[in-house]
Amino acid sequence: MKDNNVIEIKNLNKWYGDFHVLKDINLEVKKGEIIVVCGPSGSGKSTLIRCINYLEQFQEGSIVVDGIEVTDDIKKIKALREDVAMVFQHFNLFPHLSILDNLTLSPIWVKNMPKKDAIATAMKFLDRVGIAEQADKYPNQLSGGQQQRVAIARSLCKNPNIMLFDEPTSALDPEMVSEVLDVMVELAKEGRTMICVTHEMGFAKKVADRVIFMDAGQIVEENTPKKFFDNPESDRLKLFLDQILSH
Amino acid sequence: MAVYEQKQALEAPSSTKGAIHWIKENLFSSPLNTIMTLMGFGFLYIIIPPLLQWAYFDANFVGTTREQCTGDGACWVFIKMKMDMFLYGFYPETELWRLKAIVIMFVALVIGLRFIKSGKVKFGIVFSYFIISLILTAGGIFGLESVPTDKWGGLMLTIVVASVGIVFSFPIGIIVAFGRQSNLPIIRSVCVTYVEMIRGVPLITILFMSSVILPLFFPEGISFDKLLRALIGITLFQAAYVAENIRGGLQAIPKGQYEAADAIGLSYWQKMLLVILPQALKVAIPNLAGAFISLFQDTTLVLIIGLFDLLAMVRITAADSHWLGMETEGYVFVTVIFWAFCYGMSRYSNKLEKQFDTNLK
């Protein structure tokens, strides 16, 4: 592994039954880099980032995250998941727990943090995403945008080096997209490594170091945001950009 | 183009609320509904007055013997005189204070638990209550006279069987439900086989098996307590149903909950116990309450293996030569007791449902 690489994906292949969903993916991510992955639905972009924290198993190739080889070894998975946080499209907050309990669950049970410290940490991050006053409510009492901000705060609570975002704004009402993106932009400035699957091209232009375009299970084009949007090389990407930017 | 002012919210028209509106809407909303309402009232008119006449106005409450029951109505004297039998079976009279103490402690427990916040302390208190109750009921240590289980009976036996069945079948059911969802084929098939075997057999058969067939497997001379065998049978039976109810709850939990729990680093057991199970139980509460209520009623089946629960006590007491023919009063009394317990459980489950409802508050 090269010195400043935090994620190395080599010749990754994955099948769902007979369906070849990821085809020979190679990707290196440097520490602190912010990468946006986009592409048509079914292109394998979510599957790719879900392989990184082993929510999906893969059949061929290797992924190394922060020196941890991604395998089915329980200890490695545990270490991996302490290092990598994920924010989901549908938030996936725990509806039976209050906002505060959602945030303290992992620190208390996984990191054995004393309850008092866990609460302090949780409140700090809730404050950061701007909803500290909702700490005692339950997830279903919050709007979609607020829930997603809570989910981001929850993933921050274990102080991960790497954050994965799986279409974090796709399930939100249009009015709420910006409040979540604002939080993500703030995070991007802090030097955490981030991989975001998203179609928010404004976000990509603003903060991404690299933009990756996937189609049919493979990486089609990979470029800096400027070149990606201004001078797309492949026809497939040109068509894609045409379709999402024409309205 | 135009700009519109925001409008004030107005109160609903008065014709949409109040008692008369409710009656119109719910009792006489259509010709069919009107006929049903009238038939319902007619039915109540036929049933209720004679029942009250028998059970209250013509009934006999005072006295100590059958001869003092002179009215046409029910002879509640019978219930009064046989109350100890109904409640405690053949439990020795001199030791009844032990059972009464358990009841008093139960009341204290219910009130006391309201003031305790810590879950661990609560669990500890409830757990020690069960141990103390067990010691008090069975005796044999701490200078308490031993009361063999064939002396247990009546409502007390019903409660023992039901509560042991509920308390032990619950964790077993949870584990079996988890097992049925396991990725390990052997664990899964063991759990599936267990559930399908038990569900394919009536409770009566299981009780017979536990009382007749089970002893065949033990070496001669070792005899297992009859009640204990029945308890094991009932617990294993109930656990299969609890497992299925919980499995129903587990299936209602979206995949995203598992993934989120994985993603924040919880282990399998942490994920299942902290995230999945609480939500699954919430979904399963109505079905679980149903299963436990039917268990409470099914305890009456222990009669066939020679244990005398509340219902069996009616048969025994009404066979007393002084009180022949008193079955009606006995069965009405037992009905009321069973109804009270089952209704209480049902209300409690409603309360739990509301308590755990975190959707809209």
# chains A, B, ... in the order shown; residues from 1 in each chain; ligands from 1

call {"tool": "interface_residues", "arguments": {"of": "chain A", "to": "chain B", "cutoff": "6 Å", "atoms": "only C-alpha atoms", "output": "ChimeraX atom specification"}}
result
/A:78,81-82,92,96,140

call {"tool": "write_last_selection", "arguments": {"atoms": "C-alpha atoms", "output": "mmCIF file, in the first residue's frame"}}
result
data_model
loop_
_atom_site.group_PDB
_atom_site.id
_atom_site.type_symbol
_atom_site.label_atom_id
_atom_site.label_comp_id
_atom_site.auth_asym_id
_atom_site.auth_seq_id
_atom_site.Cartn_x
_atom_site.Cartn_y
_atom_site.Cartn_z
ATOM 1 C CA LYS A 78 -14.941 -4.867 13.549
ATOM 2 C CA ARG A 81 -16.243 -0.601 10.781
ATOM 3 C CA GLU A 82 -14.764 1.456 13.569
ATOM 4 C CA ASN A 92 -31.720 4.082 8.832
ATOM 5 C CA HIS A 96 -37.194 2.900 18.892
ATOM 6 C CA ASN A 140 -40.006 9.802 13.274
#

call {"tool": "residues_around", "arguments": {"residues": "Met214 (chain A)", "least_positions_apart": "6", "cutoff": "9 Å", "atoms": "only C-alpha atoms", "output": "ChimeraX atom specification"}}
result
/A:37-40,43-45,220-222,237

call {"tool": "write_last_selection", "arguments": {"atoms": "all heavy atoms", "output": "JSON list (two decimals), in the first residue's frame"}}
result
[["chain", "number", "residue", "atom", "x", "y", "z"],
["A", 37, "VAL", "N", -18.94, 9.74, -6.58],
["A", 37, "VAL", "CA", -19.21, 8.68, -7.55],
["A", 37, "VAL", "C", -20.61, 8.90, -8.10],
["A", 37, "VAL", "O", -21.55, 9.07, -7.33],
["A", 37, "VAL", "CB", -19.15, 7.29, -6.88],
["A", 37, "VAL", "CG1", -19.34, 6.19, -7.93],
["A", 37, "VAL", "CG2", -17.85, 7.10, -6.14],
["A", 38, "CYS", "N", -20.71, 8.98, -9.43],
["A", 38, "CYS", "CA", -22.05, 9.09, -9.98],
["A", 38, "CYS", "C", -22.20, 8.13, -11.15],
["A", 38, "CYS", "O", -21.25, 7.48, -11.57],
["A", 38, "CYS", "CB", -22.36, 10.53, -10.40],
["A", 38, "CYS", "SG", -21.23, 11.18, -11.62],
["A", 39, "GLY", "N", -23.42, 8.05, -11.63],
["A", 39, "GLY", "CA", -23.69, 7.12, -12.70],
["A", 39, "GLY", "C", -25.15, 6.75, -12.69],
["A", 39, "GLY", "O", -25.84, 7.01, -11.71],
["A", 40, "PRO", "N", -25.64, 6.15, -13.78],
["A", 40, "PRO", "CA", -27.05, 5.78, -13.85],
["A", 40, "PRO", "C", -27.38, 4.72, -12.80],
["A", 40, "PRO", "O", -26.48, 4.06, -12.28],
["A", 40, "PRO", "CB", -27.21, 5.23, -15.26],
["A", 40, "PRO", "CG", -25.84, 4.83, -15.69],
["A", 40, "PRO", "CD", -24.90, 5.75, -14.99],
["A", 43, "SER", "N", -25.75, 1.00, -11.92],
["A", 43, "SER", "CA", -24.39, 0.96, -12.44],
["A", 43, "SER", "C", -23.40, 0.35, -11.46],
["A", 43, "SER", "O", -22.24, 0.15, -11.78],
["A", 43, "SER", "CB", -23.94, 2.37, -12.83],
["A", 43, "SER", "OG", -23.97, 3.20, -11.68],
["A", 44, "GLY", "N", -23.86, 0.09, -10.22],
["A", 44, "GLY", "CA", -22.99, -0.57, -9.25],
["A", 44, "GLY", "C", -22.29, 0.39, -8.30],
["A", 44, "GLY", "O", -21.45, -0.04, -7.51],
["A", 45, "LYS", "N", -22.66, 1.66, -8.33],
["A", 45, "LYS", "CA", -21.93, 2.62, -7.50],
["A", 45, "LYS", "C", -22.20, 2.42, -6.01],
["A", 45, "LYS", "O", -21.27, 2.46, -5.21],
["A", 45, "LYS", "CB", -22.25, 4.07, -7.94],
["A", 45, "LYS", "CG", -23.71, 4.40, -8.02],
["A", 45, "LYS", "CD", -23.93, 5.64, -8.87],
["A", 45, "LYS", "CE", -25.34, 6.18, -8.78],
["A", 45, "LYS", "NZ", -26.41, 5.20, -9.02],
["A", 220, "VAL", "N", -16.07, 4.19, -15.80],
["A", 220, "VAL", "CA", -15.94, 4.61, -17.20],
["A", 220, "VAL", "C", -15.00, 5.81, -17.32],
["A", 220, "VAL", "O", -14.18, 5.88, -18.22],
["A", 220, "VAL", "CB", -17.32, 4.98, -17.77],
["A", 220, "VAL", "CG1", -17.19, 5.50, -19.20],
["A", 220, "VAL", "CG2", -18.24, 3.77, -17.74],
["A", 221, "GLU", "N", -15.13, 6.73, -16.38],
["A", 221, "GLU", "CA", -14.28, 7.90, -16.46],
["A", 221, "GLU", "C", -14.00, 8.44, -15.06],
["A", 221, "GLU", "O", -14.83, 8.33, -14.16],
["A", 221, "GLU", "CB", -14.96, 8.99, -17.31],
["A", 221, "GLU", "CG", -14.03, 10.13, -17.62],
["A", 221, "GLU", "CD", -14.54, 10.98, -18.79],
["A", 221, "GLU", "OE1", -15.38, 10.47, -19.57],
["A", 221, "GLU", "OE2", -14.10, 12.12, -18.91],
["A", 222, "GLU", "N", -12.83, 9.02, -14.91],
["A", 222, "GLU", "CA", -12.40, 9.46, -13.60],
["A", 222, "GLU", "C", -11.61, 10.73, -13.84],
["A", 222, "GLU", "O", -10.67, 10.72, -14.63],
["A", 222, "GLU", "CB", -11.52, 8.37, -13.01],
["A", 222, "GLU", "CG", -11.03, 8.61, -11.63],
["A", 222, "GLU", "CD", -10.06, 7.50, -11.18],
["A", 222, "GLU", "OE1", -10.20, 6.36, -11.65],
["A", 222, "GLU", "OE2", -9.17, 7.81, -10.42],
["A", 237, "LEU", "N", -20.52, 9.31, -20.71],
["A", 237, "LEU", "CA", -20.58, 10.38, -19.71],
["A", 237, "LEU", "C", -21.21, 11.64, -20.29],
["A", 237, "LEU", "O", -22.02, 12.30, -19.63],
["A", 237, "LEU", "CB", -19.18, 10.68, -19.17],
["A", 237, "LEU", "CG", -19.09, 11.86, -18.19],
["A", 237, "LEU", "CD1", -20.02, 11.66, -17.01],
["A", 237, "LEU", "CD2", -17.66, 12.06, -17.69]]

call {"tool": "residues_around", "arguments": {"residues": "region 179-184 of chain A", "least_positions_apart": "6", "cutoff": "9 Å", "atoms": "only C-alpha atoms", "output": "list in words"}}
result
Arg128, Val129, Gly130, Gly145, Gln146, Gln148, Arg149, Ile152, Pro168, Thr169, Glu200 and Phe203 of chain A

call {"tool": "write_last_selection", "arguments": {"atoms": "C-alpha atoms", "output": "short mmCIF file (atom, residue, chain, number, x, y, z; two decimals), in the first residue's frame"}}
result
data_model
loop_
_atom_site.label_atom_id
_atom_site.label_comp_id
_atom_site.auth_asym_id
_atom_site.auth_seq_id
_atom_site.Cartn_x
_atom_site.Cartn_y
_atom_site.Cartn_z
CA ARG A 128 -22.39 20.58 14.72
CA VAL A 129 -25.22 19.44 12.48
CA GLY A 130 -27.48 22.04 14.07
CA GLY A 145 -33.45 16.50 6.33
CA GLN A 146 -33.14 16.54 10.10
CA GLN A 148 -30.28 12.64 7.68
CA ARG A 149 -28.31 15.19 9.68
CA ILE A 152 -24.45 12.01 9.80
CA PRO A 168 -27.67 10.82 1.15
CA THR A 169 -30.03 13.31 -0.45
CA GLU A 200 -25.71 16.52 -6.57
CA PHE A 203 -21.72 19.49 -4.45
#

call {"tool": "atom_distance", "arguments": {"atom1": "CA of Ile166 (chain B)", "atom2": "CA of Phe292 (chain B)"}}
result
6.6 Å

call {"tool": "residues_around", "arguments": {"residues": "Ser163 (chain B)", "least_positions_apart": "6", "cutoff": "10 Å", "atoms": "only C-alpha atoms", "output": "list in words"}}
result
Leu157, Ser169, Leu231, Thr235, Phe292, Leu295 and Phe296 of chain B

call {"tool": "write_last_selection", "arguments": {"atoms": "C-alpha atoms", "output": "mmCIF file, in the first residue's frame"}}
result
data_model
loop_
_atom_site.group_PDB
_atom_site.id
_atom_site.type_symbol
_atom_site.label_atom_id
_atom_site.label_comp_id
_atom_site.auth_asym_id
_atom_site.auth_seq_id
_atom_site.Cartn_x
_atom_site.Cartn_y
_atom_site.Cartn_z
ATOM 1 C CA LEU B 157 -51.552 -23.587 40.368
ATOM 2 C CA SER B 169 -40.929 -19.667 26.977
ATOM 3 C CA LEU B 231 -44.139 -27.135 33.276
ATOM 4 C CA THR B 235 -42.816 -24.146 28.293
ATOM 5 C CA PHE B 292 -49.911 -15.700 26.456
ATOM 6 C CA LEU B 295 -51.585 -20.143 27.405
ATOM 7 C CA PHE B 296 -53.331 -18.883 30.533
#

call {"tool": "select_by_dssp", "arguments": {"residues": "region 91-175 of chain B", "states": "alpha helix (DSSP H)", "output": "number ranges by chain"}}
result
B: 96-113, 119-138, 154-175

call {"tool": "residues_around", "arguments": {"residues": "Gly202 (chain A)", "least_positions_apart": "3", "cutoff": "12 Å", "atoms": "only C-alpha atoms", "output": "MDAnalysis selection string"}}
result
chainID A and resid 36 177:178 181:182 185 198:199 205:208 211 225:226 229 244:245

call {"tool": "write_last_selection", "arguments": {"atoms": "N, CA and C atoms", "output": "mmCIF file, in the first residue's frame"}}
result
data_model
loop_
_atom_site.group_PDB
_atom_site.id
_atom_site.type_symbol
_atom_site.label_atom_id
_atom_site.label_comp_id
_atom_site.auth_asym_id
_atom_site.auth_seq_id
_atom_site.Cartn_x
_atom_site.Cartn_y
_atom_site.Cartn_z
ATOM 1 N N VAL A 36 -16.464 11.876 -5.493
ATOM 2 C CA VAL A 36 -17.884 11.744 -5.791
ATOM 3 C C VAL A 36 -18.040 10.670 -6.855
ATOM 4 N N VAL A 177 -32.728 19.266 0.794
ATOM 5 C CA VAL A 177 -31.454 18.784 0.270
ATOM 6 C C VAL A 177 -30.306 19.678 0.723
ATOM 7 N N SER A 178 -30.549 20.984 0.697
ATOM 8 C CA SER A 178 -29.419 21.890 0.929
ATOM 9 C C SER A 178 -28.913 21.826 2.364
ATOM 10 N N LEU A 181 -26.600 18.941 2.426
ATOM 11 C CA LEU A 181 -25.380 19.229 1.654
ATOM 12 C C LEU A 181 -24.478 20.213 2.399
ATOM 13 N N ASP A 182 -25.097 21.199 3.067
ATOM 14 C CA ASP A 182 -24.293 22.163 3.833
ATOM 15 C C ASP A 182 -23.430 21.452 4.863
ATOM 16 N N VAL A 185 -20.621 19.658 3.136
ATOM 17 C CA VAL A 185 -19.565 20.569 2.696
ATOM 18 C C VAL A 185 -18.666 20.932 3.875
ATOM 19 N N THR A 198 -23.559 10.291 -5.203
ATOM 20 C CA THR A 198 -24.589 11.323 -5.228
ATOM 21 C C THR A 198 -24.758 11.863 -6.637
ATOM 22 N N HIS A 199 -25.917 12.451 -6.866
ATOM 23 C CA HIS A 199 -26.143 13.121 -8.147
ATOM 24 C C HIS A 199 -26.171 14.623 -7.979
ATOM 25 N N LYS A 205 -18.936 19.709 -7.836
ATOM 26 C CA LYS A 205 -18.102 20.808 -8.346
ATOM 27 C C LYS A 205 -17.434 21.555 -7.212
ATOM 28 N N LYS A 206 -18.179 21.698 -6.126
ATOM 29 C CA LYS A 206 -17.717 22.549 -5.042
ATOM 30 C C LYS A 206 -16.595 21.892 -4.239
ATOM 31 N N VAL A 207 -16.749 20.622 -3.872
ATOM 32 C CA VAL A 207 -15.794 20.056 -2.921
ATOM 33 C C VAL A 207 -14.991 18.856 -3.419
ATOM 34 N N ALA A 208 -15.427 18.211 -4.503
ATOM 35 C CA ALA A 208 -14.770 16.956 -4.852
ATOM 36 C C ALA A 208 -13.351 17.178 -5.366
ATOM 37 N N VAL A 211 -14.009 13.093 -9.512
ATOM 38 C CA VAL A 211 -15.349 12.590 -9.771
ATOM 39 C C VAL A 211 -15.215 11.331 -10.615
ATOM 40 N N PRO A 225 -13.108 17.527 -11.048
ATOM 41 C CA PRO A 225 -14.462 18.033 -11.327
ATOM 42 C C PRO A 225 -14.497 18.940 -12.554
ATOM 43 N N LYS A 226 -13.473 19.778 -12.667
ATOM 44 C CA LYS A 226 -13.502 20.749 -13.763
ATOM 45 C C LYS A 226 -13.509 20.036 -15.117
ATOM 46 N N PHE A 229 -16.761 17.879 -15.778
ATOM 47 C CA PHE A 229 -17.982 18.545 -16.246
ATOM 48 C C PHE A 229 -17.767 19.336 -17.525
ATOM 49 N N ILE A 244 -28.723 14.760 -17.030
ATOM 50 C CA ILE A 244 -29.014 15.277 -15.691
ATOM 51 C C ILE A 244 -28.865 16.791 -15.606
ATOM 52 N N LEU A 245 -28.160 17.384 -16.555
ATOM 53 C CA LEU A 245 -27.942 18.831 -16.439
ATOM 54 C C LEU A 245 -28.846 19.638 -17.369
#

call {"tool": "atom_distance", "arguments": {"atom1": "CA of Phe228 (chain A)", "atom2": "CA of Phe240 (chain A)"}}
result
11.6 Å

call {"tool": "residues_around", "arguments": {"residues": "Asn161 (chain A)", "least_positions_apart": "2", "cutoff": "12 Å", "atoms": "only C-alpha atoms", "output": "MDAnalysis selection string"}}
result
chainID A and resid 6:7 30:33 65:66 79:86 155:159 163:164 187:188 190:195

call {"tool": "residues_around", "arguments": {"residues": "region 78-93 of chain B", "least_positions_apart": "5", "cutoff": "10 Å", "atoms": "only C-alpha atoms", "output": "number ranges by chain"}}
result
B: 60-66, 69, 99-100, 137, 145, 147-158, 308-314, 316-318, 322-323, 326-327, 329-330, 333-334

call {"tool": "select_by_dssp", "arguments": {"residues": "region 137-171 of chain A", "states": "strand (DSSP E or B)", "output": "PDB file with N, CA and C atoms, in the first residue's frame"}}
result
ATOM      1  N   ILE A 162     -12.782   7.545   7.565  1.00  0.00           N
ATOM      2  CA  ILE A 162     -13.374   7.512   6.237  1.00  0.00           C
ATOM      3  C   ILE A 162     -14.882   7.556   6.361  1.00  0.00           C
ATOM      4  N   MET A 163     -15.515   8.372   5.533  1.00  0.00           N
ATOM      5  CA  MET A 163     -16.975   8.395   5.539  1.00  0.00           C
ATOM      6  C   MET A 163     -17.513   8.049   4.162  1.00  0.00           C
ATOM      7  N   LEU A 164     -18.483   7.155   4.158  1.00  0.00           N
ATOM      8  CA  LEU A 164     -19.125   6.760   2.915  1.00  0.00           C
ATOM      9  C   LEU A 164     -20.538   7.329   2.907  1.00  0.00           C
ATOM     10  N   PHE A 165     -20.918   7.955   1.819  1.00  0.00           N
ATOM     11  CA  PHE A 165     -22.280   8.482   1.709  1.00  0.00           C
ATOM     12  C   PHE A 165     -22.966   7.773   0.553  1.00  0.00           C
ATOM     13  N   ASP A 166     -24.073   7.092   0.866  1.00  0.00           N
ATOM     14  CA  ASP A 166     -24.773   6.353  -0.178  1.00  0.00           C
ATOM     15  C   ASP A 166     -26.047   7.104  -0.564  1.00  0.00           C
TER      16      ASP A 166
END

call {"tool": "atom_distance", "arguments": {"atom1": "CA of Ile172 (chain B)", "atom2": "CA of Ala239 (chain B)"}}
result
5.8 Å
